[in-house]
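Written out below as structure tokens is the structure these notes cover.
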Amino acid sequence: MSNAKSTYLDELNKVQRAAVEATDGPVLVVAGPGSGKTRVLTYRIAHIIEKGAKPWEVLALTFTNKAAREMKERISKVVGNSADRIWAGTFHSIFARILRQEAPKIGYPSNFTIYDSEDTKSVIKAVLKEMNLSTDVYNPNSVRARISSAKSNLIPPALYEKDKELREQDNMAKRPYMHEIYKRYVARCKRSGAMDFDDLLYRLYELLHRNPDGVREKYQQRFKYVLVDEFQDTNHLQYSIVKKLVVYDGSPRNICVVGDDAQSIYAFRGATIQNMLDFENDFKPHGIQVFKLEQNYRSTEHIVQAANQVITNNRRQIQKEIWSNKGGGQRIKLIRARTDSEEGKRIADTILEQKNRNHLANSDIAILYRTNAQSRVFEEYLRRYNIAYKIYGGLSFYQRKEVKDLLAYFRLAVNPKDEEALRRVINYPKRAIGPSTVDKLSEFAGQQDITMWEAIAQLPLTNRAAASLQTFSTLIKDFSSKVNDPDPYATADYIARRSGLLDTLRKDTTVEGIGRLENVNALLDGVKNFSESDDTFGQEGTEGDEKTLASYIQSIALLTDFDEKNDNGDHVTLMSVHAAKGLEFSSVFVVGLEEKLFPSFMSMDTIDGLDEERRLFYVAITRAESFLTLTYADSRYQYGQMRYNQASRFLEEIDPKHMDIASPLGTKGNSTRIESRMGDDASGAGGASVKGHFKKAANLRGPAVDPKTFRPSPMSEIQAGMKVLHLSFGEGKVLSLDGAKDNPVATIFFQQIDNPQRRIMLKFAKLQVVE
DNA sequence: CTGCACATGTTTTTT
DNA sequence: ACATGTGCAG
């Protein structure tokens, strides 16, 4: 045993090892990028088991299935097969598994349906329609976000209604009926025997809180060790549940959370780094141990130092100093392109060059962008250059319409109360049940407080619609009778045929139509795999081992990726920065570094929004091991129009000494082009607005300047000794000028910011001469 | 009830 | 650009 111990403990540095060995009591691990976070987490679990804990006493929560899978694989390499018995999975899948067991205690069936965001939105639309509210004022996405945020902050409809502040906010937004929508939304979901993604958390909290039959103690005692990955991405509700499980009289409080505040990029959906700060305070009285993993094993020094510089521009941070001993390495390459298309071409060129000169494989390379829509140009050039690539993101398999349609039949067969599934397929394929009939059903159901399914049997209709409804009802009953058959594939295949779905798809012979048919067949193949395999895609949520269509839909409800496993090919990776979190590549291209794109126009007018964009940029650049290339374009097609954007402010936040400016494409006269362009901008602004047209916008970083009146001066005007204005650093004094002729660099002292002395490349800086 | 023409609104994303 | 949603004629 001590042998095994030494093998893995010896692979750790001092801090990592201490974090692994501190198995008892509360532990916070602050883990910088590339600092061996996953290694610590998995070895820690292995260590806990080595020291005698049973695998099923360990609860390890992650955010993605992928992270959970990776963790399980790595643990099993250390402790062997018993790793299967560990409760390791995503928050949602683990909680769903518990709820399948306990749901009846809080008034839900154990075969409850899980509503995805689309279903959720659809329920909200139905509620709005029922209440005769306009979707312009009550934008379904806003309503959904509002309800989600209420649940994430543990505010049920009754409390929401009484909350003065929330009501005030809603009144201000001209949405006074929000509380009523919330109430009806919750009622509808419950009536449908459905939980949305937030419910999987919220209802578990409710269960533990109300504690029927001592269920709370049961789980408190079961989970002797709790670990949470990516803690900076948890919301208030998730942290509350974790506390419910860990904090009680006599608890050893064996909880370990791992996270990096600098990599929190999901605040937009309710995550809060406050949890990290709270955690420290909450467990201080119980001897919390804090470990900071600061050595970056991934990237060379230019990259790590640039990342450090960028992140110092954010306000609140947990103090830490990330360092690397991998040597300086290559400087960061910066490419300016005239158009988005040129950006694509130059990246493809650079990729070819890197493959030749540095012997990189395609799989060593990634192109990261802020929005998925940017992938198109890169696709175009990579294809033209014959470089294999793969685009990640976009619509997942299970979100495709045709797949969801067939799944809706499955869902309805398992749980006929599932109103969203019913709405989806009641008239698809066409069976003469139009909107007006559906509305009547819905209205009747609402009046009688029954489900639409029950309404079909009770609604007094005498017309053609009644007959159609009868046929539909018979069809679904037939399907329902088969859901617990031991051969789920046979059932699935039967449903696909009898529903008419396959025939309808076969009639469509367009390219897209054939693709849809293929997807439906792929889903059926998936069911077949499920029928034949012993495990359940490694997914929680199924009871026992019986393979039925019911257990199938439960096993896939929380899956998003279908083909993630077969991406072993040698291809360049194209994905959004969000999707790249946790990954690393030898060479990384971060593209589209322009104002209004990265940072996104949606986030750039609040300080919190900008800070999150900056963390996103931080995540992007820290994905690179050896080569980092940053690019931007003067113009690009966006929303079908040509847009002209300035270089991103984030580029100025990196000290020029870490950067190399790539020689421009059409070398001749390029630098004069830059100057004349900047000159145009400034002269366009005219002398009128030069002086004093800036104010302190309260929602921007301290000294910030109103971008609307800010007019950058041409770079040739900047001289030592001048007083200048910077978009985010405020007023500063130019101390000196140096650098190459075509790339002058100014040292400027900005008195209003924390690190006042900055070196700024005039090429990208937007500076307005004050005097 | 169905199908087509026009209008609208665009981040990021896991579950 | 493009996908999704609404309104109206058949």
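Chain labels follow the order of the structure tokens: the first chain is A, the next B, and so on; residue numbering restarts at 1 in every chain, and ligands are counted from 1 in their shown order.
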- [ ] Using only C-alpha atoms (C1' of nucleotides), find the residues of chain A whose closest atom to chain B is at most 10 Å away, then write them as a ChimeraX atom specification.
- [x] /A:63-65,90-93,116-117,196-198,200,265-266,268-269,370-372,393,430,432-436,557-560,576-579,597-603,613,616,639
Open item on the list: Please extract the residues of segment 35-99 of chain A with a backbone DSSP assignment of alpha helix (DSSP H) and present them as a PyMOL selection string.
Closed with: chain A and resi 37-50+65-79+91-99
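Distance criterion 9 Å to chain C, applied with only C-alpha atoms (C1' of nucleotides), yields A:Gln638, A:Tyr639, A:Gly640, A:Gln641 on chain A.
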Task: Contacts of Tyr160 of chain A at 12 Å (only C-alpha atoms (C1' of nucleotides); same-chain gap of 4+ positions) as a VMD selection string - done: chain A and resid 146 to 147 149 to 151 153 to 156 164 to 170 176 to 183
Task: Atom-to-atom span, atom CA of Glu419 of chain A and atom CA of Pro109 of chain A, Å - done: 14.7 Å
TODO: Just list the residues in segment 266-487 of chain A DSSP gives strand (DSSP E or B) on the backbone, as a ChimeraX atom specification.
DONE: /A:289-293,295,323,332-339,365-369,389-391
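Take atom CA of Thr747 of chain A and atom CA of Ile335 of chain A: the distance between them is 22.4 Å.
The spacing separating atom CA of His359 of chain A from atom CA of Lys345 of chain A amounts to 20.1 Å.
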Open item on the list: If we count only C-alpha atoms (C1' of nucleotides) and set the cut-off at 7 Å, which residues sit around segment 716-721 of chain A, ignoring sequence neighbours fewer than 6 positions away in its own chain? Please answer as a ChimeraX atom specification.
Closed with: /A:733-737
Go ahead and save the residues from that selection, with N, CA, C and O atoms, as a PDB file, in the first residue's frame.
```pdb
ATOM      1  N   LYS A 733       0.255  60.614 -18.150  1.00  0.00           N
ATOM      2  CA  LYS A 733       1.308  61.465 -18.688  1.00  0.00           C
ATOM      3  C   LYS A 733       2.312  60.598 -19.442  1.00  0.00           C
ATOM      4  O   LYS A 733       2.764  59.565 -18.942  1.00  0.00           O
ATOM      5  N   VAL A 734       2.655  61.007 -20.672  1.00  0.00           N
ATOM      6  CA  VAL A 734       3.616  60.253 -21.475  1.00  0.00           C
ATOM      7  C   VAL A 734       5.015  60.524 -20.942  1.00  0.00           C
ATOM      8  O   VAL A 734       5.506  61.652 -21.003  1.00  0.00           O
ATOM      9  N   LEU A 735       5.652  59.502 -20.380  1.00  0.00           N
ATOM     10  CA  LEU A 735       6.979  59.687 -19.802  1.00  0.00           C
ATOM     11  C   LEU A 735       8.051  59.610 -20.880  1.00  0.00           C
ATOM     12  O   LEU A 735       8.966  60.424 -20.911  1.00  0.00           O
ATOM     13  N   SER A 736       7.934  58.608 -21.753  1.00  0.00           N
ATOM     14  CA  SER A 736       8.952  58.488 -22.795  1.00  0.00           C
ATOM     15  C   SER A 736       8.413  57.704 -23.986  1.00  0.00           C
ATOM     16  O   SER A 736       7.365  57.057 -23.900  1.00  0.00           O
ATOM     17  N   LEU A 737       9.137  57.786 -25.086  1.00  0.00           N
ATOM     18  CA  LEU A 737       8.788  57.048 -26.291  1.00  0.00           C
ATOM     19  C   LEU A 737       9.989  56.221 -26.731  1.00  0.00           C
ATOM     20  O   LEU A 737      11.116  56.704 -26.696  1.00  0.00           O
TER      21      LEU A 737
END
```
Open item on the list: List as a PyMOL selection string the protein and nucleic acid residues near Leu630 of chain A, meaning an atom at most 7 Å away when only C-alpha atoms (C1' of nucleotides) are counted, but skip any in the same chain fewer than 6 places from it.
Closed with: chain A and resi 333-335+589-591
